[in-house]
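Peer 1: What follows is a single structure, and I will ask about it in a moment.
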Amino acid sequence: SGLLIFLFMQKLVELAKKQSRLNDFVKNCTYCALQVLANLSRDQIFPIIDGLSQFSENIASILIEFRIDARQALPFFKRAIRAIQANSKELTPMHSHFAKLCIQTKKYCYALDIINEGYMTIDQESYHFEAIDIMSYYYYTGFILSAVEEHERAILAFRKVLVMPTNIFHTCISSSYKKFILASLLAGKEINMPKNITPLIKMFLGKLHYVYTELADVFWSKNLKKLLEFIEKNKEHFMNDHNFGMVEQLPDKLVQIRIKDLRSTYITLSLTDISNKVEKPLNEVIPIIQEMLLKGELLATLDEKNKMIKFINEEIDLAQIVQQLNEQNINVQTLMEEGKKLDYQIQTSTKFMKRQIIDPEGMQQFGMGYMEDMEDYQSIRQIPIHNNILWKNPKYISFWFSIRKKK
């Protein structure tokens with residue numbers, strides 16, 4: 001059957017990885033395994049679903065190590081993802097490996113239709129997902145979106161990594177924070193850190209990556225000379241972080257922001273005056289203005305003959321706004337439905353019902369249901385709670401346990 005062929009191919013891939021000299025053999029095994037996997041149904045894949053993460057990691061490393069043309073392998077990889085998904089909104093372990101492979105081979109466009117899905121469900125029981133799997137996927141997503149200059153969407157992806165509820169300061173969080181700041185600056189937005197970042201993670205980020213917060217401060221001072229000096233001073237730091245490519249784009253972005261600011265003061269302006277005001281040579285300013293006009297980032301008309309620019313008042317497209325609101329409304333409704341389903345699954349789960357039976361009052365009123373696993377839980381429950389505010393304070397609870405242990 002197809003499943004047996006795939007299992008055989010999987011073993012061949014593992015074997016082929018050790019045979020560095022047999023490039024053709026490695027290549028053929030890799031393509032065959034991906035092709036067989038892409039043609040299997042979800043029911044056929046389910047028995048070996050636990051091994052898919054390791055398999056996809058092996059495939060990705062082989063394609064990079066042996067410099068096999070990824071353009072032939074990526075379509076099969078994508079079809080394999082579609083094959084194992086229960087629905088188009090389900091995130092699988094193969095997603096992060098596929099995104100990583102697209103980054104390593106610089107084939108960013110192959111990942112865009114997968115990224116654009118917007119995932120809402122995870123089959124934890126089947127795939128044994130860990131937090132790092134989800135964090136890695138959204139980090140790679142942000143990386144790809146930054147590479148194709150969709151910085152606003154990249155900000156949202158990096159934001160999802162930062163708000164992950166963990167006290168472990170992982171490299172993925174560190175890299176996401178740096179790119180979150182850079183993507184925000186390239187999108188022309190103020191740095192708006194998520195409020196629900198774990199306090200410990202927030203402390204580490206502020207202390208370890210102060211260079212990036214200083215970069216943001218210098219950028220928003222809108223002084224091009226200071227920005228260029230700061231970048232040159234910390235060039236080695238940015239290069240070691242592999243972020244210098246994004247940092248290099250910041251001076252041009254600052255020039256664009258300063259050109260846009262001129263709209264609020266002037267109706268027409270000569271290119272020479274613009275050059276003086278943004279502190280950049282005329283021969284460098286003209287291509288920037290042309291690019292802004294081409295992308296629709298600047299509402300103006302350029303008279304190259306007289307070297308003048310005329311700013312146009314922004315017109316509100318009501319039809320487009322209504323369409324965007326309708327799309328957002330549909331997304332909100334879909335998310336609410338998913339939330340209701342998840343709430344129902346939690347409330348009808350065996351684990352939740354057991355906790356309710358053990359301590360229904362504590363769970364609902366004081367959020368202390370987790371204490372049934374502690375040694376002193378039964379004795380604590382017998383003590384009357386005179387001050388609910390005190391018992392909601394984690395410091396008070398910690399103090400109580402320290403007293404109990406001394407006794």
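Just so we're on the same page: first chain in the structure tokens is A, next is B, and so on; residues restart at 1 for each chain, and ligands are numbered from 1 in the order they show up.
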Residues within 9 Å of Ala183 of chain A, please, as a ChimeraX atom specification. Count only C-alpha atoms; anything in the same chain fewer than 6 positions from it doesn't count.

Peer 2: /A:142,146,149-152,154-155,189,246

Peer 1: At a cut-off of 12 Å, using only C-alpha atoms, what residues contact segment 237-242 of chain A? Leave out same-chain residues fewer than 3 positions from it and give the result as number ranges by chain.

Peer 2: A: 143, 171, 174-179, 182, 209-212, 215, 230-234, 245-248

Peer 1: Atom CA of Thr301 of chain A and atom CA of Asn223 of chain A are how many Å apart?

Peer 2: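 The value is 26.3 Å.
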
Peer 1: At a cut-off of 12 Å, using only C-alpha atoms, what residues contact Lys253 of chain A? Leave out same-chain residues fewer than 2 positions from it and give the result as a PyMOL selection string.

Peer 2: chain A and resi 182-189+219-220+222+224+227+246-251+255-260+278+285+288-289+291-292+297

Peer 1: Taking the chain letters and numbering used in this document, name the residues of segment 110-344 of chain A that DSSP puts in strand (DSSP E or B), as a PyMOL selection string.

Peer 2: chain A and resi 121-122+268-270+300-303+308-311

Peer 1: Hey, what does DSSP flag as alpha helix (DSSP H) within segment 198-261 of chain A? Can you give it to me as a PyMOL selection string?

Peer 2: chain A and resi 199-208+210-220+224-233+235-240+244-247+250-261
